[in-house]
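A.B. asks: Input final31.txt, format and content: compact mmCIF, C-alpha atoms and all ligand atoms.
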```txt
# COMPACT_ATOMS: atom_id res chain seq x y z
CA MET D 1 -157.92 22.64 145.05
CA ARG D 2 -158.95 24.93 142.18
CA ARG D 3 -156.22 27.40 143.14
CA PHE D 4 -153.70 24.57 143.26
CA LEU D 5 -154.67 23.39 139.76
CA ILE D 6 -154.42 26.94 138.33
CA LEU D 7 -151.02 27.33 139.96
CA LEU D 8 -149.83 24.01 138.54
CA PHE D 9 -151.04 24.92 135.06
CA VAL D 10 -149.39 28.35 135.14
CA THR D 11 -146.13 26.90 136.49
CA LEU D 12 -146.04 24.30 133.69
CA LEU D 13 -146.82 26.96 131.11
CA MET D 14 -144.09 29.22 132.47
CA GLY D 15 -141.58 26.42 132.39
CA LEU D 16 -142.41 25.72 128.77
CA THR D 17 -142.51 29.26 127.48
CA SER D 18 -139.54 30.55 129.46
CA HIS D 19 -137.16 28.73 127.16
CA PRO D 20 -135.62 31.38 124.94
CA TYR D 21 -135.86 29.30 121.76
CA PHE D 22 -139.50 28.46 122.21
CA VAL D 23 -141.31 30.17 119.34
CA VAL D 24 -145.02 30.57 119.94
CA VAL D 25 -147.17 29.23 117.15
CA GLY D 26 -150.26 31.26 116.34
CA GLY D 27 -150.99 34.95 116.34
CA GLY D 28 -149.24 35.19 112.98
CA ILE D 29 -145.83 34.05 114.20
CA PRO D 30 -144.26 31.39 112.02
CA ARG D 31 -143.27 28.02 113.37
CA THR D 32 -139.58 27.78 114.17
CA GLY D 33 -138.96 25.92 110.93
CA ALA D 34 -140.71 28.62 108.87
CA THR D 35 -138.48 31.43 110.14
CA PRO D 36 -135.63 31.69 107.64
CA LYS D 37 -132.48 30.13 109.06
CA ALA D 38 -129.37 32.25 108.57
CA LYS D 39 -127.00 30.61 106.13
CA GLU D 40 -124.00 32.71 106.93
CA ILE D 41 -122.79 35.54 109.09
CA VAL D 42 -122.47 38.79 107.17
CA PRO D 43 -120.42 41.41 109.05
CA ALA D 44 -121.99 44.88 109.30
CA LYS D 45 -120.26 48.13 110.17
CA ALA D 46 -120.14 48.68 113.92
CA MET D 47 -120.82 52.01 115.61
CA TYR D 48 -118.82 53.59 118.43
CA TRP D 49 -115.18 52.63 117.95
CA LYS D 50 -111.85 54.29 117.23
CA PRO D 51 -108.93 53.19 115.05
CA LEU D 52 -105.55 53.11 116.80
CA ALA D 53 -101.98 52.43 115.66
CA LYS D 54 -100.99 49.15 113.99
CA GLY D 55 -104.52 48.15 113.03
CA LEU D 56 -105.76 48.05 116.63
CA VAL D 57 -109.26 49.33 117.32
CA ARG D 58 -110.88 50.41 120.53
CA CYS D 59 -114.58 49.63 120.92
CA GLU D 60 -116.40 52.41 122.76
CA LEU D 61 -119.84 50.86 122.97
CA CYS D 62 -119.56 49.63 126.55
CA PRO D 63 -117.43 50.49 129.59
CA ARG D 64 -115.15 47.55 128.88
CA LYS D 65 -113.57 49.53 125.99
CA CYS D 66 -111.91 46.47 124.49
CA LEU D 67 -108.68 46.96 122.59
CA ILE D 68 -109.11 44.59 119.67
CA PRO D 69 -106.18 43.45 117.51
CA LEU D 70 -106.55 42.61 113.81
CA GLY D 71 -108.69 39.53 113.24
CA LYS D 72 -109.83 39.31 116.86
CA ARG D 73 -113.11 39.95 118.68
CA GLY D 74 -114.00 41.82 121.85
CA TYR D 75 -115.04 40.26 125.14
CA CYS D 76 -118.66 39.95 123.93
CA LYS D 77 -117.62 37.62 121.06
CA VAL D 78 -119.64 39.51 118.47
CA ARG D 79 -117.56 42.58 117.48
CA GLU D 80 -114.58 41.88 115.25
CA ASN D 81 -111.61 43.85 113.95
CA ARG D 82 -111.34 43.26 110.21
CA GLY D 83 -108.57 45.18 108.49
CA GLY D 84 -108.49 47.83 111.21
CA ARG D 85 -112.24 48.46 111.16
CA LEU D 86 -114.79 47.21 113.65
CA TYR D 87 -117.71 45.05 112.53
CA THR D 88 -120.65 43.48 114.29
CA MET D 89 -121.33 39.84 113.46
CA VAL D 90 -124.91 39.68 114.73
CA CYS D 91 -126.85 42.19 112.64
CA ASP D 92 -130.14 40.66 111.43
CA LEU D 93 -129.29 37.35 113.11
CA PRO D 94 -131.38 36.72 116.21
CA CYS D 95 -131.00 33.34 117.86
CA ALA D 96 -134.16 33.78 119.96
CA VAL D 97 -137.49 35.05 118.61
CA HIS D 98 -140.56 34.85 120.76
CA ALA D 99 -143.83 36.66 121.57
CA ASP D 100 -143.70 36.96 125.36
CA PRO D 101 -146.06 38.43 127.89
CA ILE D 102 -144.54 41.81 128.71
CA GLU D 103 -144.72 40.71 132.36
CA LYS D 104 -141.89 38.30 131.58
CA LYS D 105 -139.37 41.11 130.91
CA PRO D 106 -140.42 41.90 133.73
CA LEU D 107 -142.23 45.17 133.00
CA PHE D 108 -145.27 45.35 135.29
CA HIS D 109 -146.15 48.99 134.61
CA VAL D 110 -146.16 48.88 130.79
CA LEU D 111 -149.34 47.89 128.91
CA PRO D 112 -150.17 44.99 131.28
CA GLY D 113 -151.49 41.84 129.67
CA THR D 114 -149.99 42.56 126.23
CA LYS D 115 -147.39 40.58 124.33
CA SER D 116 -143.98 41.93 123.46
CA PHE D 117 -142.20 40.64 120.37
CA SER D 118 -138.86 39.58 121.85
CA ILE D 119 -135.53 39.09 120.11
CA ALA D 120 -131.94 38.39 121.11
CA THR D 121 -128.68 37.54 119.39
CA ALA D 122 -125.68 35.60 120.62
CA GLY D 123 -123.16 37.29 122.90
CA CYS D 124 -122.93 39.33 126.08
CA ASN D 125 -120.58 41.93 127.49
CA LEU D 126 -120.85 40.48 131.00
CA GLY D 127 -119.87 37.06 132.24
CA CYS D 128 -122.37 36.39 135.03
CA ARG D 129 -121.73 33.02 136.63
CA PHE D 130 -125.46 32.67 137.29
CA CYS D 131 -126.71 33.56 133.78
CA GLN D 132 -130.06 31.97 132.90
CA ASN D 133 -129.47 32.25 129.16
CA TRP D 134 -125.82 31.23 129.09
CA THR D 135 -126.32 28.79 126.20
CA ILE D 136 -126.76 31.80 123.91
CA SER D 137 -125.20 34.69 125.84
CA GLN D 138 -121.82 33.07 126.36
CA TYR D 139 -121.30 31.87 122.77
CA PRO D 140 -120.36 33.56 119.49
CA PRO D 141 -122.98 33.61 116.69
CA GLU D 142 -121.19 30.76 114.90
CA GLN D 143 -122.26 28.49 117.74
CA THR D 144 -125.91 29.50 118.05
CA ASN D 145 -128.87 28.61 115.89
CA ASN D 146 -129.64 31.89 114.11
CA TYR D 147 -132.49 33.20 111.99
CA TYR D 148 -132.24 35.78 109.25
CA LEU D 149 -134.58 38.53 110.37
CA PRO D 150 -133.76 42.07 109.23
CA PRO D 151 -135.31 44.98 111.20
CA LYS D 152 -138.22 45.53 108.80
CA ASP D 153 -139.20 41.86 109.17
CA VAL D 154 -139.03 42.09 112.97
CA VAL D 155 -141.44 45.03 112.85
CA GLU D 156 -143.70 43.19 110.41
CA MET D 157 -143.78 40.06 112.59
CA ALA D 158 -144.52 42.15 115.68
CA LYS D 159 -147.49 43.70 113.87
CA ARG D 160 -148.77 40.36 112.58
CA SER D 161 -148.60 38.85 116.04
CA ASN D 162 -150.48 41.79 117.60
CA CYS D 163 -147.56 42.84 119.78
CA PRO D 164 -147.72 46.57 120.61
CA SER D 165 -144.05 46.47 121.58
CA ILE D 166 -140.73 44.93 120.59
CA ALA D 167 -138.43 43.76 123.38
CA TYR D 168 -134.64 43.55 123.11
CA THR D 169 -133.93 40.96 125.74
CA TYR D 170 -132.71 37.49 126.87
CA THR D 171 -128.98 38.09 126.26
CA GLU D 172 -127.65 41.67 126.32
CA PRO D 173 -129.06 44.16 123.81
CA THR D 174 -125.95 46.33 124.10
CA VAL D 175 -123.99 43.80 122.05
CA PHE D 176 -126.54 43.82 119.23
CA TYR D 177 -126.79 47.60 119.42
CA GLU D 178 -126.82 48.37 115.68
CA TYR D 179 -129.57 45.80 115.06
CA MET D 180 -131.59 47.09 118.01
CA LEU D 181 -131.19 50.73 116.96
CA GLU D 182 -132.39 50.20 113.39
CA THR D 183 -135.26 47.95 114.50
CA ALA D 184 -136.29 50.45 117.17
CA ARG D 185 -136.22 53.31 114.66
CA LEU D 186 -138.44 51.43 112.20
CA ALA D 187 -140.74 50.27 115.00
CA LYS D 188 -141.27 53.85 116.16
CA GLU D 189 -142.19 54.89 112.63
CA SER D 190 -144.79 52.11 112.61
CA GLY D 191 -146.27 53.08 115.97
CA ILE D 192 -144.78 50.12 117.85
CA MET D 193 -143.14 50.70 121.21
CA ASN D 194 -139.62 49.57 122.14
CA VAL D 195 -138.61 48.04 125.45
CA MET D 196 -135.31 46.65 126.60
CA HIS D 197 -134.14 44.32 129.34
CA SER D 198 -130.49 45.02 129.92
CA ALA D 199 -127.68 44.85 132.43
CA GLY D 200 -127.21 48.56 131.75
CA TYR D 201 -123.52 48.13 130.93
CA ILE D 202 -123.27 50.65 128.12
CA ASN D 203 -121.53 53.98 127.53
CA GLU D 204 -123.36 57.26 127.72
CA GLU D 205 -123.34 58.29 124.04
CA PRO D 206 -124.87 55.09 122.61
CA LEU D 207 -127.31 54.94 125.52
CA ARG D 208 -128.61 58.46 124.88
CA GLU D 209 -128.99 57.62 121.18
CA ILE D 210 -131.11 54.49 121.79
CA CYS D 211 -133.16 56.40 124.39
CA LYS D 212 -134.65 58.43 121.51
CA TYR D 213 -136.60 55.31 120.54
CA LEU D 214 -136.96 53.49 123.87
CA ASP D 215 -140.21 53.62 125.79
CA ALA D 216 -139.31 51.42 128.72
CA ALA D 217 -136.41 49.48 130.17
CA ASN D 218 -135.87 46.94 132.86
CA ILE D 219 -132.32 47.14 134.19
CA ASP D 220 -130.70 44.36 136.16
CA LEU D 221 -129.14 45.89 139.23
CA LYS D 222 -127.40 42.67 140.09
CA ALA D 223 -126.05 43.77 143.46
CA PHE D 224 -124.92 46.91 145.21
CA THR D 225 -121.22 46.16 145.64
CA GLU D 226 -118.29 46.46 143.26
CA ARG D 227 -117.07 43.19 144.72
CA PHE D 228 -120.09 41.24 143.44
CA TYR D 229 -119.83 42.78 139.97
CA GLY D 230 -116.07 42.11 139.86
CA GLU D 231 -116.14 38.54 141.16
CA LEU D 232 -119.33 37.22 139.60
CA CYS D 233 -119.95 39.31 136.46
CA ASP D 234 -116.51 40.52 135.23
CA ALA D 235 -117.94 44.02 135.39
CA THR D 236 -118.32 47.12 137.57
CA LEU D 237 -121.30 48.66 139.34
CA GLU D 238 -120.76 52.36 138.68
CA PRO D 239 -121.65 52.35 134.94
CA VAL D 240 -124.93 50.55 135.73
CA LEU D 241 -125.88 53.27 138.22
CA ASN D 242 -124.99 55.85 135.60
CA THR D 243 -127.27 54.13 133.08
CA LEU D 244 -130.16 54.27 135.54
CA LYS D 245 -129.66 58.01 136.04
CA ILE D 246 -129.51 58.64 132.29
CA LEU D 247 -132.69 56.63 131.64
CA LYS D 248 -134.45 58.82 134.18
CA GLU D 249 -133.10 62.00 132.58
CA GLU D 250 -134.22 60.81 129.15
CA GLY D 251 -137.76 60.04 130.35
CA VAL D 252 -137.61 56.30 129.70
CA HIS D 253 -139.95 54.40 132.03
CA THR D 254 -137.59 52.22 134.07
CA GLU D 255 -138.05 49.21 136.31
CA ILE D 256 -135.28 47.43 138.20
CA THR D 257 -134.65 43.74 138.72
CA ASN D 258 -132.50 42.58 141.62
CA LEU D 259 -131.83 38.85 141.53
CA ILE D 260 -131.16 37.86 145.12
CA ILE D 261 -128.55 35.11 145.40
CA PRO D 262 -128.08 33.42 148.78
CA THR D 263 -124.85 34.48 150.51
CA LYS D 264 -123.80 36.70 147.59
CA ASN D 265 -126.01 39.80 147.67
CA ASP D 266 -128.70 39.02 150.25
CA SER D 267 -127.59 41.02 153.27
CA PRO D 268 -130.22 43.42 154.66
CA GLU D 269 -127.56 46.15 154.83
CA GLU D 270 -126.76 45.89 151.13
CA ILE D 271 -130.43 45.81 150.14
CA LYS D 272 -131.13 48.84 152.32
CA LYS D 273 -128.22 50.76 150.81
CA MET D 274 -129.43 49.94 147.30
CA CYS D 275 -133.00 51.04 148.04
CA LYS D 276 -131.77 54.31 149.58
CA TRP D 277 -129.75 55.00 146.43
CA ILE D 278 -132.77 54.29 144.21
CA VAL D 279 -135.06 56.58 146.21
CA LYS D 280 -132.48 59.37 146.26
CA ASN D 281 -131.41 59.19 142.61
CA LEU D 282 -134.43 57.83 140.75
CA GLY D 283 -137.38 58.44 143.05
CA LYS D 284 -139.94 56.37 144.91
CA GLU D 285 -141.99 55.57 141.83
CA VAL D 286 -139.48 53.17 140.27
CA PRO D 287 -140.86 49.61 140.38
CA ILE D 288 -138.37 47.10 141.78
CA HIS D 289 -138.53 43.33 141.30
CA PHE D 290 -136.75 41.13 143.83
CA SER D 291 -136.27 37.96 141.87
CA ARG D 292 -135.68 34.43 143.11
CA PHE D 293 -132.39 32.82 142.10
CA SER D 294 -132.37 29.22 140.93
CA PRO D 295 -129.09 27.30 140.49
CA GLN D 296 -127.77 27.89 136.95
CA TYR D 297 -124.67 27.73 134.79
CA ARG D 298 -121.59 28.06 137.00
CA MET D 299 -123.49 28.56 140.25
CA ARG D 300 -125.22 25.25 140.69
CA ASN D 301 -123.80 24.76 144.15
CA LEU D 302 -126.17 27.24 145.80
CA SER D 303 -129.78 26.69 146.84
CA PRO D 304 -132.70 28.68 145.44
CA THR D 305 -133.39 31.89 147.33
CA PRO D 306 -135.68 31.28 150.31
CA VAL D 307 -138.99 33.10 149.87
CA LYS D 308 -138.54 34.69 153.30
CA THR D 309 -135.35 36.40 152.04
CA LEU D 310 -137.33 37.94 149.19
CA GLU D 311 -140.00 39.03 151.66
CA MET D 312 -137.31 40.60 153.84
CA ALA D 313 -136.06 42.59 150.83
CA GLU D 314 -139.62 43.62 150.00
CA LYS D 315 -140.12 44.91 153.54
CA ILE D 316 -136.89 46.92 153.48
CA ALA D 317 -137.75 48.46 150.12
CA ARG D 318 -141.17 49.55 151.37
CA GLU D 319 -139.67 50.96 154.58
CA GLU D 320 -137.29 53.00 152.45
CA GLY D 321 -140.28 54.45 150.62
CA LEU D 322 -140.37 52.52 147.33
CA ARG D 323 -143.99 52.35 146.21
CA TYR D 324 -144.03 49.42 143.83
CA VAL D 325 -142.15 46.42 145.14
CA TYR D 326 -142.48 42.98 143.58
CA ILE D 327 -141.36 39.44 144.24
CA GLY D 328 -140.43 37.51 141.10
CA ASN D 329 -140.09 33.82 140.19
CA VAL D 330 -142.50 32.77 142.93
CA PRO D 331 -145.77 32.13 141.02
CA GLY D 332 -148.86 32.74 143.12
CA HIS D 333 -147.10 34.98 145.66
CA ARG D 334 -149.00 38.15 146.61
CA GLY D 335 -145.76 40.02 145.74
CA GLU D 336 -146.67 39.60 142.06
CA ASN D 337 -149.57 42.00 142.42
CA THR D 338 -149.71 45.78 142.13
CA TYR D 339 -151.35 47.60 145.04
CA CYS D 340 -152.29 51.27 145.03
CA PRO D 341 -149.68 53.11 147.14
CA ASN D 342 -152.39 55.53 148.26
CA CYS D 343 -155.41 53.37 149.24
CA ASN D 344 -153.66 49.94 149.27
CA ARG D 345 -156.37 48.32 147.13
CA LEU D 346 -155.38 45.53 144.76
CA LEU D 347 -154.94 47.10 141.32
CA ILE D 348 -153.32 44.48 139.10
CA GLN D 349 -153.63 40.83 140.02
CA ARG D 350 -151.10 38.46 138.46
CA MET D 351 -150.33 34.77 138.44
CA GLY D 352 -146.85 34.22 137.05
CA PHE D 353 -146.76 36.16 133.79
CA HIS D 354 -150.53 36.26 133.48
CA VAL D 355 -152.71 39.24 134.36
CA LEU D 356 -155.92 38.14 136.08
CA GLY D 357 -157.37 41.60 136.68
CA ASN D 358 -156.41 45.22 136.03
CA HIS D 359 -158.00 48.18 137.81
CA VAL D 360 -155.68 50.91 136.56
CA VAL D 361 -157.90 53.33 134.69
CA GLU D 362 -156.37 56.12 132.61
CA GLY D 363 -153.12 55.83 134.51
CA GLY D 364 -154.75 56.00 137.93
CA CYS D 365 -156.26 53.88 140.68
CA LYS D 366 -159.86 52.99 139.84
CA TYR D 367 -160.84 53.45 143.51
CA CYS D 368 -159.04 56.55 144.82
CA LYS D 369 -157.84 58.03 141.49
CA ALA D 370 -154.21 58.26 142.69
CA LYS D 371 -151.78 58.41 139.76
CA ILE D 372 -149.92 55.15 139.14
CA SER D 373 -146.51 55.47 137.53
CA GLY D 374 -146.10 53.64 134.22
CA VAL D 375 -146.98 53.45 130.54
CA TRP D 376 -150.66 52.58 130.39
CA LYS D 377 -151.41 53.48 126.81
CA MET D 378 -149.48 53.47 123.55
CA ARG D 379 -146.86 56.17 123.78
CA THR D 380 -146.16 58.98 121.37
CA ASP D 381 -143.07 61.16 121.61
CA ALA D 382 -145.32 63.90 122.94
CA ASN D 383 -146.14 62.06 126.16
CA LYS D 384 -142.81 60.29 126.66
CA GLY D 385 -141.53 60.96 130.17
CA ARG D 386 -144.69 62.73 131.27
CA GLU D 387 -146.79 59.83 132.51
S1 LIG D 401 -119.34 45.94 123.29
FE1 LIG D 401 -118.07 44.08 123.18
S2 LIG D 401 -116.26 44.68 122.03
FE2 LIG D 401 -117.28 46.55 122.65
S3 LIG D 401 -116.26 47.14 124.55
FE3 LIG D 401 -118.06 45.97 125.12
S4 LIG D 401 -117.37 43.86 125.30
FE4 LIG D 401 -115.79 44.98 124.21
```
Would you kindly transcribe this structure into structure tokens?
C.D. replies:
Amino acid sequence: MRRFLILLFVTLLMGLTSHPYFVVVGGGIPRTGATPKAKEIVPAKAMYWKPLAKGLVRCELCPRKCLIPLGKRGYCKVRENRGGRLYTMVCDLPCAVHADPIEKKPLFHVLPGTKSFSIATAGCNLGCRFCQNWTISQYPPEQTNNYYLPPKDVVEMAKRSNCPSIAYTYTEPTVFYEYMLETARLAKESGIMNVMHSAGYINEEPLREICKYLDAANIDLKAFTERFYGELCDATLEPVLNTLKILKEEGVHTEITNLIIPTKNDSPEEIKKMCKWIVKNLGKEVPIHFSRFSPQYRMRNLSPTPVKTLEMAEKIAREEGLRYVYIGNVPGHRGENTYCPNCNRLLIQRMGFHVLGNHVVEGGCKYCKAKISGVWKMRTDANKGRE
């Protein structure tokens, strides 16, 4: 009975706080109404683009490489050609501001139990039919409720709310790249870590630049077929795999989320192929989260993922050698916990986004001392990539 009541409480809490516009009151974070509302959109110079003939520009931020005519915007709805120059329309204008448990990103191997100051702007460079945040990701900034929050204020609010990290999340940080980059740079100077939850659809040059300031990333590996990416996301798989390899090269702690959607990407063969690729290219230490789909946006006709499908994926991943395999969006499931890959003892016990116990000591298992991959203390550039 007690367990049932805890589960009910946590589920209700998760439902409430998972809304991207929900701004937590307390811990120094202003009420929604006290955060300055943006009065207008002020274009800022965009990075990574080339001018072409007749006023056309080509955006080179993401693999889409939009050709943008005068007065028009790219696919993401936030980068605009004004007079033959490219501008971003979302600098300093987040539409979601929230202090989240870092477990919600999900990042299970990064300072467990801490809060991450999370921001997002309007727009996305993918068009996933199952998007959970489509009311902000699939709209231009003119149609979202924005705040005016320049980078220095984001850092200040993160400090005041005792968040050791800032998360670029909810929509797609690639499309608010300039805002993320400047915030991340200032955060680093102030000793605050930077984490990102992204679809990983970004070109190599901007990715390597942001990696200088990134401590951790969770990348959505939405499926392991070009067909899925083409039909359901308007995107391609290969650049996402490239992003994962670059993050590894750059020493950014990386976790992977794979949202399993019934009949779309849930075949054992596909999951096995994906896990083999991860082990071969990234190693066995990469945490993977198999997450439960719930009907959303333009995919309301499907049922939620059966828990046994997630358990099947978990089993395959472990058989392929992955050491940290999680089941997400099933509060109370044992697949939320971290177990030592050496002695199998329970190391981090979770309920939803809440940490109930943590037995990782100085980056290792409290019982057998085996090293546990992750970021367990505040990072400096000196220890980046060496945990
Ligand atoms: S970031 Fe936006 S404008 Fe640039 S290529 Fe990608 S979708 Fe197009």
A.B. asks: Could you pull out the residues sitting within 12 Å of ligand LIG 401 (chain D), using only C-alpha atoms and all ligand atoms, and write them as a PyMOL selection string?
C.D. replies: chain D and resi 46-50+57-69+72-81+86-90+122-127+138+140+172-178+200-203+206+234-235
A.B. asks: Using all atoms listed in the file, which of D:Glu250, D:Phe130, D:Asp220, D:Asn358 sits nearest Ser294 in chain D?
C.D. replies: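 Checking each candidate against Ser294 in chain D, we get D:Phe130 as the closest.
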A.B. asks: Take the point (-146.2, 40.6, 143.5) in the file's coordinates, draw a sphere of radius 6 Å around it, and report as a PyMOL selection string every protein, DNA or RNA residue with an atom inside or on it, counting only C-alpha atoms.
C.D. replies: chain D and resi 326-327+334-337
A.B. asks: Considering all atoms listed in the file, state which residue in the set D:Lys152, D:Arg323, D:Ala216, D:Pro164 is at the smallest distance from Cys343 in chain D.
C.D. replies: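 Residue with the minimum atom-to-atom distance to Cys343 in chain D: D:Arg323.
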A.B. asks: Could you list as JSON, numbers by chain every residue that has an atom within 10 Å of (-141.9, 42.0, 117.3), using the file's coordinates and counting only C-alpha atoms?
C.D. replies: {"D": [29, 97, 98, 99, 100, 115, 116, 117, 118, 119, 151, 152, 153, 154, 155, 156, 157, 158, 159, 160, 161, 162, 163, 164, 165, 166, 167, 168, 183, 187, 192, 193, 194]}
A.B. asks: Can you tell me, as a PDB file with C-alpha atoms, in the frame of the given file, what residues are no more than 10 Å from Met312 in chain D when counting all atoms listed in the file, ignoring any on the same chain fewer than 4 positions away?
C.D. replies:
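After the write, out_1.pdb holds the following:
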```pdb
ATOM      1  CA  ASP D 266    -128.700  39.020 150.250  1.00  0.00           C
ATOM      2  CA  SER D 267    -127.590  41.020 153.270  1.00  0.00           C
ATOM      3  CA  PRO D 268    -130.220  43.420 154.660  1.00  0.00           C
ATOM      4  CA  ILE D 271    -130.430  45.810 150.140  1.00  0.00           C
ATOM      5  CA  VAL D 307    -138.990  33.100 149.870  1.00  0.00           C
ATOM      6  CA  LYS D 308    -138.540  34.690 153.300  1.00  0.00           C
ATOM      7  CA  ILE D 316    -136.890  46.920 153.480  1.00  0.00           C
ATOM      8  CA  ALA D 317    -137.750  48.460 150.120  1.00  0.00           C
TER       9      ALA D 317
END
```
A.B. asks: Quick check, in Å to one decimal: how far apart do CA of Leu56 in chain D and CA of Met180 in chain D lie?
C.D. replies: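 These two atoms are separated by 25.9 Å.
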A.B. asks: Taking only C-alpha atoms into account, which of D:Glu40, D:Asp92, D:Glu362, D:Glu320 comes nearest Met274 in chain D?
C.D. replies: D:Glu320
A.B. asks: Looking at all atoms listed in the file, which of D:Trp277, D:Phe353, D:Tyr297, D:Tyr213 is the one that sits closest to Asn329 in chain D?
C.D. replies: D:Phe353
A.B. asks: Compile the contact shell of Lys105 in chain D as a list of chain:residue names: residues with an atom at most 8 Å away, counting only C-alpha atoms, same-chain residues fewer than 2 positions apart removed.
C.D. replies: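 So, after excluding close chain neighbours, the residues are D:Pro101, D:Ile102, D:Glu103, D:Leu107, D:Thr169, D:His197, D:Asn218.
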A.B. asks: Please, could N, CA and C atoms be added to range 324-338 of chain D and the result written as a PDB file, in the coordinates of the input?
C.D. replies:
```pdb
ATOM      1  N   TYR D 324    -143.623  50.602 144.589  1.00  0.00           N
ATOM      2  CA  TYR D 324    -144.030  49.420 143.830  1.00  0.00           C
ATOM      3  C   TYR D 324    -142.942  48.365 143.959  1.00  0.00           C
ATOM      4  N   VAL D 325    -143.169  47.413 144.830  1.00  0.00           N
ATOM      5  CA  VAL D 325    -142.150  46.420 145.140  1.00  0.00           C
ATOM      6  C   VAL D 325    -142.723  45.039 144.818  1.00  0.00           C
ATOM      7  N   TYR D 326    -141.976  44.279 144.043  1.00  0.00           N
ATOM      8  CA  TYR D 326    -142.480  42.980 143.580  1.00  0.00           C
ATOM      9  C   TYR D 326    -141.544  41.842 143.950  1.00  0.00           C
ATOM     10  N   ILE D 327    -142.133  40.664 144.032  1.00  0.00           N
ATOM     11  CA  ILE D 327    -141.360  39.440 144.240  1.00  0.00           C
ATOM     12  C   ILE D 327    -141.518  38.597 142.977  1.00  0.00           C
ATOM     13  N   GLY D 328    -140.383  38.213 142.381  1.00  0.00           N
ATOM     14  CA  GLY D 328    -140.430  37.510 141.100  1.00  0.00           C
ATOM     15  C   GLY D 328    -139.970  36.067 141.207  1.00  0.00           C
ATOM     16  N   ASN D 329    -140.414  35.257 140.262  1.00  0.00           N
ATOM     17  CA  ASN D 329    -140.090  33.820 140.190  1.00  0.00           C
ATOM     18  C   ASN D 329    -140.695  33.012 141.328  1.00  0.00           C
ATOM     19  N   VAL D 330    -141.758  33.533 141.918  1.00  0.00           N
ATOM     20  CA  VAL D 330    -142.500  32.770 142.930  1.00  0.00           C
ATOM     21  C   VAL D 330    -143.984  32.837 142.530  1.00  0.00           C
ATOM     22  N   PRO D 331    -144.400  32.031 141.545  1.00  0.00           N
ATOM     23  CA  PRO D 331    -145.770  32.130 141.020  1.00  0.00           C
ATOM     24  C   PRO D 331    -146.808  31.946 142.125  1.00  0.00           C
ATOM     25  N   GLY D 332    -147.780  32.833 142.131  1.00  0.00           N
ATOM     26  CA  GLY D 332    -148.860  32.740 143.120  1.00  0.00           C
ATOM     27  C   GLY D 332    -148.594  33.566 144.360  1.00  0.00           C
ATOM     28  N   HIS D 333    -147.405  34.151 144.481  1.00  0.00           N
ATOM     29  CA  HIS D 333    -147.100  34.980 145.660  1.00  0.00           C
ATOM     30  C   HIS D 333    -147.829  36.323 145.526  1.00  0.00           C
ATOM     31  N   ARG D 334    -148.298  36.849 146.673  1.00  0.00           N
ATOM     32  CA  ARG D 334    -149.000  38.150 146.610  1.00  0.00           C
ATOM     33  C   ARG D 334    -148.067  39.250 146.099  1.00  0.00           C
ATOM     34  N   GLY D 335    -146.747  39.030 146.210  1.00  0.00           N
ATOM     35  CA  GLY D 335    -145.760  40.020 145.740  1.00  0.00           C
ATOM     36  C   GLY D 335    -145.728  40.165 144.233  1.00  0.00           C
ATOM     37  N   GLU D 336    -146.558  39.416 143.522  1.00  0.00           N
ATOM     38  CA  GLU D 336    -146.670  39.600 142.060  1.00  0.00           C
ATOM     39  C   GLU D 336    -147.681  40.674 141.710  1.00  0.00           C
ATOM     40  N   ASN D 337    -148.474  41.071 142.702  1.00  0.00           N
ATOM     41  CA  ASN D 337    -149.570  42.000 142.420  1.00  0.00           C
ATOM     42  C   ASN D 337    -149.163  43.451 142.600  1.00  0.00           C
ATOM     43  N   THR D 338    -149.900  44.340 141.928  1.00  0.00           N
ATOM     44  CA  THR D 338    -149.710  45.780 142.130  1.00  0.00           C
ATOM     45  C   THR D 338    -150.810  46.285 143.063  1.00  0.00           C
TER      46      THR D 338
END
```
